[in-house]
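*Asks:* Sharing data_17.pdb (PDB, C-alpha atoms and all ligand atoms) below.
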ATOM      1  CA  MET A1096       0.000   0.000   0.000
ATOM      2  CA  PRO A1097       1.132   3.601  -0.417
ATOM      3  CA  LYS A1098       2.903   4.827   2.683
ATOM      4  CA  THR A1099       0.139   7.301   3.429
ATOM      5  CA  CYS A1100      -2.336   4.518   4.123
ATOM      6  CA  THR A1101      -1.348   1.468   6.106
ATOM      7  CA  LYS A1102      -3.258  -1.435   7.509
ATOM      8  CA  PHE A1103      -2.815  -2.559  11.093
ATOM      9  CA  GLU A1104      -3.885  -6.134  11.766
ATOM     10  CA  GLY A1105      -3.596  -8.371  14.813
ATOM     11  CA  ASP A1106      -6.355  -8.642  17.414
ATOM     12  CA  GLY A1107      -9.774  -7.407  16.279
ATOM     13  CA  GLY A1108     -10.751  -5.887  12.954
ATOM     14  CA  ASN A1109      -8.404  -4.345  10.408
ATOM     15  CA  VAL A1110      -7.465  -0.744  11.169
ATOM     16  CA  ALA A1111      -6.587   1.586   8.290
ATOM     17  CA  VAL A1112      -4.350   4.561   9.027
ATOM     18  CA  TYR A1113      -4.416   7.488   6.585
ATOM     19  CA  LEU A1114      -1.680  10.058   7.098
ATOM     20  CA  THR A1115      -2.050  13.749   6.302
ATOM     21  CA  GLY A1116       0.093  16.751   7.141
ATOM     22  CA  GLU A1117      -2.487  17.833   9.722
ATOM     23  CA  GLY A1118      -3.200  14.564  11.473
ATOM     24  CA  ALA A1119      -4.035  10.924  10.964
ATOM     25  CA  ILE A1120      -7.432   9.512  10.053
ATOM     26  CA  LEU A1121      -8.210   6.020  11.316
ATOM     27  CA  VAL A1122     -10.759   3.517  10.160
ATOM     28  CA  ASP A1123     -11.883   1.492  13.185
ATOM     29  CA  ASP A1124     -10.035   1.095  16.485
ATOM     30  CA  LYS A1125     -10.300  -2.581  17.496
ATOM     31  CA  TYR A1126     -10.877  -3.482  21.156
ATOM     32  CA  ASP A1127     -10.103  -1.168  24.046
ATOM     33  CA  ARG A1128      -7.212  -3.504  24.983
ATOM     34  CA  ASP A1129      -5.555  -2.885  21.581
ATOM     35  CA  HIS A1130      -5.260   0.872  22.029
ATOM     36  CA  ASP A1131      -1.609   0.906  23.097
ATOM     37  CA  ALA A1132      -0.562  -1.255  20.144
ATOM     38  CA  ILE A1133      -2.465   0.976  17.703
ATOM     39  CA  ALA A1134      -0.985   4.118  19.254
ATOM     40  CA  ALA A1135       2.536   2.660  19.062
ATOM     41  CA  HIS A1136       2.044   1.729  15.414
ATOM     42  CA  ILE A1137       0.848   5.237  14.550
ATOM     43  CA  LYS A1138       3.724   6.811  16.451
ATOM     44  CA  SER A1139       6.169   4.706  14.440
ATOM     45  CA  ILE A1140       4.921   6.211  11.157
ATOM     46  CA  THR A1141       3.953   9.807  12.025
ATOM     47  CA  ASP A1142       4.402  12.557  14.614
ATOM     48  CA  GLN A1143       0.862  13.748  13.931
ATOM     49  CA  PRO A1144      -2.017  12.949  16.292
ATOM     50  CA  VAL A1145      -5.110  10.976  15.307
ATOM     51  CA  LYS A1146      -7.804  13.523  14.498
ATOM     52  CA  TYR A1147     -10.640  11.305  13.258
ATOM     53  CA  VAL A1148     -11.772   7.718  13.650
ATOM     54  CA  LEU A1149     -14.236   6.621  10.988
ATOM     55  CA  SER A1150     -16.127   3.642  12.311
ATOM     56  CA  THR A1151     -17.368   0.879   9.977
ATOM     57  CA  HIS A1152     -19.847  -0.597  12.477
ATOM     58  CA  TYR A1153     -20.697  -1.028  16.126
ATOM     59  CA  HIS A1154     -19.089  -4.374  16.984
ATOM     60  CA  GLU A1155     -16.594  -4.254  19.818
ATOM     61  CA  ASP A1156     -13.710  -5.628  17.725
ATOM     62  CA  HIS A1157     -14.050  -2.501  15.514
ATOM     63  CA  SER A1158     -15.366   0.164  17.931
ATOM     64  CA  GLY A1159     -14.089  -0.992  21.309
ATOM     65  CA  GLY A1160     -11.242   1.519  21.221
ATOM     66  CA  ASN A1161     -13.555   4.530  20.744
ATOM     67  CA  GLY A1162     -13.397   5.498  24.401
ATOM     68  CA  LYS A1163      -9.612   5.854  24.288
ATOM     69  CA  PHE A1164      -9.722   8.098  21.196
ATOM     70  CA  LEU A1165     -12.704  10.294  22.123
ATOM     71  CA  PRO A1166     -10.791  12.674  24.441
ATOM     72  CA  THR A1167      -8.501  13.748  21.582
ATOM     73  CA  ALA A1168     -10.187  12.728  18.315
ATOM     74  CA  GLU A1169     -13.598  12.788  16.706
ATOM     75  CA  VAL A1170     -15.254   9.404  16.232
ATOM     76  CA  ILE A1171     -17.790   9.241  13.394
ATOM     77  CA  SER A1172     -20.228   6.419  12.629
ATOM     78  CA  THR A1173     -23.628   5.797  11.105
ATOM     79  CA  ALA A1174     -26.579   6.741  13.293
ATOM     80  CA  ASN A1175     -27.567   3.073  13.498
ATOM     81  CA  ALA A1176     -24.103   2.044  14.677
ATOM     82  CA  ARG A1177     -24.324   4.620  17.464
ATOM     83  CA  THR A1178     -27.811   3.462  18.448
ATOM     84  CA  ASN A1179     -26.671  -0.171  18.560
ATOM     85  CA  ILE A1180     -23.843   0.769  20.935
ATOM     86  CA  VAL A1181     -26.095   2.941  23.116
ATOM     87  CA  LYS A1182     -28.667   0.134  23.338
ATOM     88  CA  ARG A1183     -25.952  -2.468  24.013
ATOM     89  CA  VAL A1184     -27.236  -4.650  21.182
ATOM     90  CA  GLN A1185     -24.067  -6.779  21.050
ATOM     91  CA  SER A1186     -24.747  -9.126  23.944
ATOM     92  CA  ASN A1187     -21.149 -10.280  24.441
ATOM     93  CA  ALA A1188     -19.577  -6.803  24.238
ATOM     94  CA  SER A1189     -17.918  -5.053  27.162
ATOM     95  CA  ALA A1190     -20.106  -2.526  28.966
ATOM     96  CA  ASN A1191     -17.719   0.349  28.256
ATOM     97  CA  VAL A1192     -17.861   0.532  24.437
ATOM     98  CA  GLU A1193     -18.349   4.223  23.673
ATOM     99  CA  PRO A1194     -20.518   5.443  20.771
ATOM    100  CA  ALA A1195     -19.443   8.017  18.189
ATOM    101  CA  ARG A1196     -20.158  11.681  18.946
ATOM    102  CA  VAL A1197     -20.804  12.520  15.293
ATOM    103  CA  VAL A1198     -23.148  10.438  13.138
ATOM    104  CA  PHE A1199     -24.519  10.355   9.597
ATOM    105  CA  THR A1200     -27.337   8.446   7.945
ATOM    106  CA  ASP A1201     -26.322   8.384   4.286
ATOM    107  CA  GLU A1202     -22.898   9.824   3.671
ATOM    108  CA  THR A1203     -20.237  12.057   5.155
ATOM    109  CA  ALA A1204     -16.659  13.052   4.414
ATOM    110  CA  VAL A1205     -13.605  14.272   6.287
ATOM    111  CA  PHE A1206     -11.206  16.771   4.723
ATOM    112  CA  LEU A1207      -7.858  17.069   6.446
ATOM    113  CA  GLY A1208      -4.455  18.220   5.236
ATOM    114  CA  GLY A1209      -5.639  18.401   1.641
ATOM    115  CA  LYS A1210      -6.904  14.818   1.692
ATOM    116  CA  GLU A1211     -10.405  13.412   1.608
ATOM    117  CA  VAL A1212     -11.996  10.332   3.125
ATOM    118  CA  ARG A1213     -15.648   9.479   2.554
ATOM    119  CA  ALA A1214     -17.926   7.262   4.604
ATOM    120  CA  LYS A1215     -21.124   5.954   3.083
ATOM    121  CA  PHE A1216     -24.011   3.756   4.148
ATOM    122  CA  PHE A1217     -25.143   1.632   1.188
ATOM    123  CA  GLY A1218     -27.760  -0.464   2.999
ATOM    124  CA  ARG A1219     -28.069  -3.357   5.406
ATOM    125  CA  GLY A1220     -25.771  -6.366   5.377
ATOM    126  CA  HIS A1221     -23.584  -7.483   8.266
ATOM    127  CA  THR A1222     -25.608  -5.064  10.477
ATOM    128  CA  ASN A1223     -28.103  -2.236   9.894
ATOM    129  CA  GLY A1224     -25.367   0.388  10.089
ATOM    130  CA  ASP A1225     -22.315  -0.696   8.073
ATOM    131  CA  ALA A1226     -20.325   2.163   6.569
ATOM    132  CA  ILE A1227     -17.938   1.664   3.683
ATOM    133  CA  ILE A1228     -14.977   4.011   3.943
ATOM    134  CA  TYR A1229     -13.537   5.339   0.691
ATOM    135  CA  PHE A1230     -10.124   6.877   0.019
ATOM    136  CA  PRO A1231     -10.657   8.385  -3.457
ATOM    137  CA  ALA A1232      -7.023   9.362  -4.069
ATOM    138  CA  LEU A1233      -5.861   5.829  -3.255
ATOM    139  CA  ARG A1234      -8.729   4.066  -5.063
ATOM    140  CA  THR A1235      -9.131   2.061  -1.859
ATOM    141  CA  ILE A1236     -12.097   1.091   0.306
ATOM    142  CA  HIS A1237     -12.410  -0.351   3.810
ATOM    143  CA  THR A1238     -15.522  -2.545   3.851
ATOM    144  CA  GLY A1239     -15.811  -3.240   7.554
ATOM    145  CA  ASP A1240     -17.386  -6.660   8.012
ATOM    146  CA  LEU A1241     -19.392  -6.391   4.794
ATOM    147  CA  MET A1242     -16.365  -8.419   3.755
ATOM    148  CA  ALA A1243     -14.684 -10.413   6.497
ATOM    149  CA  GLY A1244     -13.166 -13.864   6.473
ATOM    150  CA  SER A1245     -14.435 -16.306   3.885
ATOM    151  CA  THR A1246     -18.148 -16.343   4.698
ATOM    152  CA  PRO A1247     -20.618 -13.678   5.793
ATOM    153  CA  LEU A1248     -21.667 -13.350   9.413
ATOM    154  CA  ILE A1249     -25.156 -11.919   9.694
ATOM    155  CA  ASP A1250     -25.879 -10.028  12.913
ATOM    156  CA  TYR A1251     -29.672 -10.347  13.062
ATOM    157  CA  PRO A1252     -30.128  -8.587  16.445
ATOM    158  CA  GLY A1253     -28.000  -5.768  14.985
ATOM    159  CA  GLY A1254     -30.293  -5.445  11.973
ATOM    160  CA  GLY A1255     -28.186  -7.478   9.533
ATOM    161  CA  SER A1256     -29.745  -8.928   6.384
ATOM    162  CA  VAL A1257     -28.439 -11.568   4.002
ATOM    163  CA  VAL A1258     -31.133 -10.514   1.502
ATOM    164  CA  GLU A1259     -29.980  -6.885   1.442
ATOM    165  CA  TRP A1260     -26.268  -7.708   1.694
ATOM    166  CA  THR A1261     -25.677  -8.403  -2.015
ATOM    167  CA  ARG A1262     -27.608  -5.256  -3.014
ATOM    168  CA  THR A1263     -25.527  -3.251  -0.586
ATOM    169  CA  LEU A1264     -22.265  -4.541  -2.066
ATOM    170  CA  ASP A1265     -23.591  -4.089  -5.613
ATOM    171  CA  ALA A1266     -24.433  -0.459  -4.869
ATOM    172  CA  ALA A1267     -20.976   0.155  -3.421
ATOM    173  CA  MET A1268     -19.214  -1.476  -6.367
ATOM    174  CA  LYS A1269     -21.313   0.515  -8.835
ATOM    175  CA  THR A1270     -20.859   3.849  -7.059
ATOM    176  CA  LEU A1271     -17.239   3.843  -5.921
ATOM    177  CA  ASP A1272     -14.210   3.866  -8.203
ATOM    178  CA  PHE A1273     -11.650   1.643  -6.479
ATOM    179  CA  ASP A1274      -9.114  -1.133  -6.994
ATOM    180  CA  ARG A1275      -7.961  -2.041  -3.509
ATOM    181  CA  VAL A1276     -10.140  -3.510  -0.766
ATOM    182  CA  ILE A1277      -9.320  -3.612   2.939
ATOM    183  CA  PRO A1278     -11.771  -6.100   4.455
ATOM    184  CA  GLY A1279     -12.982  -6.013   8.045
ATOM    185  CA  HIS A1280     -10.735  -8.982   8.782
ATOM    186  CA  GLY A1281      -8.144 -10.778   6.676
ATOM    187  CA  PRO A1282      -5.702  -9.782   3.950
ATOM    188  CA  ILE A1283      -6.044  -6.870   1.551
ATOM    189  CA  THR A1284      -7.705  -7.845  -1.702
ATOM    190  CA  ASN A1285      -9.109  -6.234  -4.847
ATOM    191  CA  LYS A1286     -12.389  -5.680  -6.629
ATOM    192  CA  ALA A1287     -12.426  -9.238  -7.991
ATOM    193  CA  GLY A1288     -11.931 -10.560  -4.465
ATOM    194  CA  LEU A1289     -14.873  -8.494  -3.251
ATOM    195  CA  MET A1290     -16.990  -9.739  -6.164
ATOM    196  CA  ALA A1291     -16.167 -13.356  -5.291
ATOM    197  CA  TYR A1292     -17.209 -12.659  -1.699
ATOM    198  CA  ARG A1293     -20.430 -11.016  -2.884
ATOM    199  CA  ASN A1294     -21.229 -14.123  -4.942
ATOM    200  CA  ASN A1295     -20.661 -16.275  -1.896
ATOM    201  CA  VAL A1296     -23.166 -14.131   0.007
ATOM    202  CA  GLU A1297     -25.634 -14.665  -2.840
ATOM    203  CA  LYS A1298     -25.167 -18.427  -2.616
ATOM    204  CA  LEU A1299     -25.894 -18.273   1.100
ATOM    205  CA  ARG A1300     -28.935 -16.059   0.502
ATOM    206  CA  ASP A1301     -30.359 -18.398  -2.145
ATOM    207  CA  ARG A1302     -29.842 -21.437   0.060
ATOM    208  CA  ALA A1303     -31.641 -19.680   2.936
ATOM    209  CA  ALA A1304     -34.484 -18.614   0.637
ATOM    210  CA  GLY A1305     -34.886 -22.204  -0.565
ATOM    211  CA  LEU A1306     -35.140 -23.504   2.982
ATOM    212  CA  ILE A1307     -37.681 -20.844   3.931
ATOM    213  CA  ARG A1308     -39.782 -21.713   0.858
ATOM    214  CA  ALA A1309     -39.608 -25.360   1.945
ATOM    215  CA  GLY A1310     -41.244 -24.313   5.207
ATOM    216  CA  LYS A1311     -38.219 -24.685   7.490
ATOM    217  CA  SER A1312     -38.258 -22.724  10.731
ATOM    218  CA  GLN A1313     -35.837 -19.876  11.300
ATOM    219  CA  ALA A1314     -33.943 -22.042  13.788
ATOM    220  CA  ASP A1315     -33.589 -24.818  11.201
ATOM    221  CA  VAL A1316     -32.413 -22.334   8.584
ATOM    222  CA  ALA A1317     -29.845 -20.935  10.988
ATOM    223  CA  LYS A1318     -28.610 -24.456  11.746
ATOM    224  CA  VAL A1319     -28.104 -25.272   8.063
ATOM    225  CA  MET A1320     -26.411 -21.905   7.409
ATOM    226  CA  THR A1321     -23.968 -22.544  10.222
ATOM    227  CA  ALA A1322     -23.265 -26.135   9.164
ATOM    228  CA  GLU A1323     -22.767 -25.397   5.478
ATOM    229  CA  PHE A1324     -21.156 -22.023   5.390
ATOM    230  CA  ASN A1325     -18.904 -21.728   8.412
TER
HETATM  231 ZN    ZN B1401     -18.617  -7.133  12.846
END
Can the structure from this file be put into structure tokens for me?
Ligand SMILES: [Zn+2]

*Replies:*
Amino acid sequence: MPKTCTKFEGDGGNVAVYLTGEGAILVDDKYDRDHDAIAAHIKSITDQPVKYVLSTHYHEDHSGGNGKFLPTAEVISTANARTNIVKRVQSNASANVEPARVVFTDETAVFLGGKEVRAKFFGRGHTNGDAIIYFPALRTIHTGDLMAGSTPLIDYPGGGSVVEWTRTLDAAMKTLDFDRVIPGHGPITNKAGLMAYRNNVEKLRDRAAGLIRAGKSQADVAKVMTAEFN
């Protein structure tokens, strides 16, 4: 990746760091316990402070570090992601996950040091509040968990939808001009990799639809999904 935008892996979701002459912009901040490692990584590549954290979604492995950044940076998420944190929708999350102070419903952008980062909600998928973060100058997106691992994880309590998921990815791929894809977890890939993932989501969706048409209960459908796609 260009030096201005690096990916920080390890525990939790992938963090993207975008450097500008006036401060760093982060995408996601992992768990609270990962804050020191993230801070050390940033310090090793820039003297600038983190000014913004753009959050892809509310799960603790992506937003758990919000509380550590909020005193000195602005955390921005979709309105639904904030609501899910405030309502403690993720049942296994720590009690101290802090919501963003600034929210958007459709789209927002941050301009810093002559650089631009956009955050856009394209529809439901992994949750009801997944933002895709776009670095236009780098032709790069961070998908959050709209792409993560090899198979989709649908957070139903958090408003996720396997039916909407493919439409959401289709809209993003049609709207944004990009080559490089930073997924929520796992290695950096490209547009073809995202398309392959999208087709896998479609396969899962069609299998679920078939089971529902056959009169299977939601519990049965969930059992088959877990057995066949995990
Ligand atoms: Zn997630």

*Asks:* Counting all atoms listed in the file, which protein, DNA or RNA residues come within 7 Å of ligand ZN 1401 (chain B), given as JSON, numbers by chain?

*Replies:* {"A": [1152, 1154, 1221, 1240]}

*Asks:* Hey, which of A:Gly1305, A:Gly1279, A:Gly1253, A:Gly1220 ends up closest to Arg1293 (chain A)? Count only C-alpha atoms.

*Replies:*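 Of the candidates, the smallest distance to Arg1293 (chain A) is held by A:Gly1220.
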
*Asks:* One number please: CA of Tyr1251 (chain A) to CA of Val1122 (chain A), in Å, one decimal.

*Replies:*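 Computing the Euclidean distance for CA of Tyr1251 (chain A) and CA of Val1122 (chain A) yields 23.6 Å.
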
*Asks:* Need the shell around Thr1115 (chain A): protein/DNA/RNA residues with any atom at most 9 Å away, counting all atoms listed in the file. Skip same-chain ones fewer than 6 positions apart. Format as a VMD selection string?

*Replies:* chain A and resid 1099 1143 1207 to 1210

*Asks:* Given the file shown, enumerate the residues that the PyMOL selection byres (((chain A and resi 1262) around 10) and not hetatm) captures and present them as a ChimeraX atom specification.

*Replies:* /A:1217-1220,1257-1261,1263-1268,1293,1297

*Asks:* Could you check which of A:Asp1250, A:Asp1272, A:Glu1155, A:Asp1129 is closest to Ala1317 (chain A), using all atoms listed in the file?

*Replies:*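 Using all atoms listed in the file, Ala1317 (chain A) sits closest to A:Asp1250.
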
*Asks:* Calculate how many Å separate CA of Gly1108 (chain A) from CA of His1280 (chain A), rounding to one decimal.

*Replies:*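 Separation of CA of Gly1108 (chain A) and CA of His1280 (chain A): 5.2 Å.
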
*Asks:* Do you know which residues the PyMOL selection byres (((chain A and resi 1202) around 9) and not hetatm) returns on this file, as a PyMOL selection string?

*Replies:* chain A and resi 1173+1199-1201+1203-1204+1213-1217+1226

*Asks:* In Å to one decimal, how far is CA of Thr1270 (chain A) from CA of Glu1117 (chain A)?

*Replies:*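 CA of Glu1117 (chain A) sits 28.5 Å away from CA of Thr1270 (chain A).
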
*Asks:* Using only C-alpha atoms, which of the listed residues (A:Val1276, A:Val1198, A:Val1192, A:Ala1176) sits closest to Leu1233 (chain A)?

*Replies:*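 Between A:Val1276, A:Val1198, A:Val1192, A:Ala1176, the residue approaching Leu1233 (chain A) most closely is A:Val1276.
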
*Asks:* Using all atoms listed in the file, pick whichever of A:Ala1314, A:Ile1228, A:Leu1114, A:Tyr1126 has the shortest atom-to-atom distance to Lys1138 (chain A).

*Replies:*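 Looking only at the distances to Lys1138 (chain A), the closest residue turns out to be A:Leu1114.
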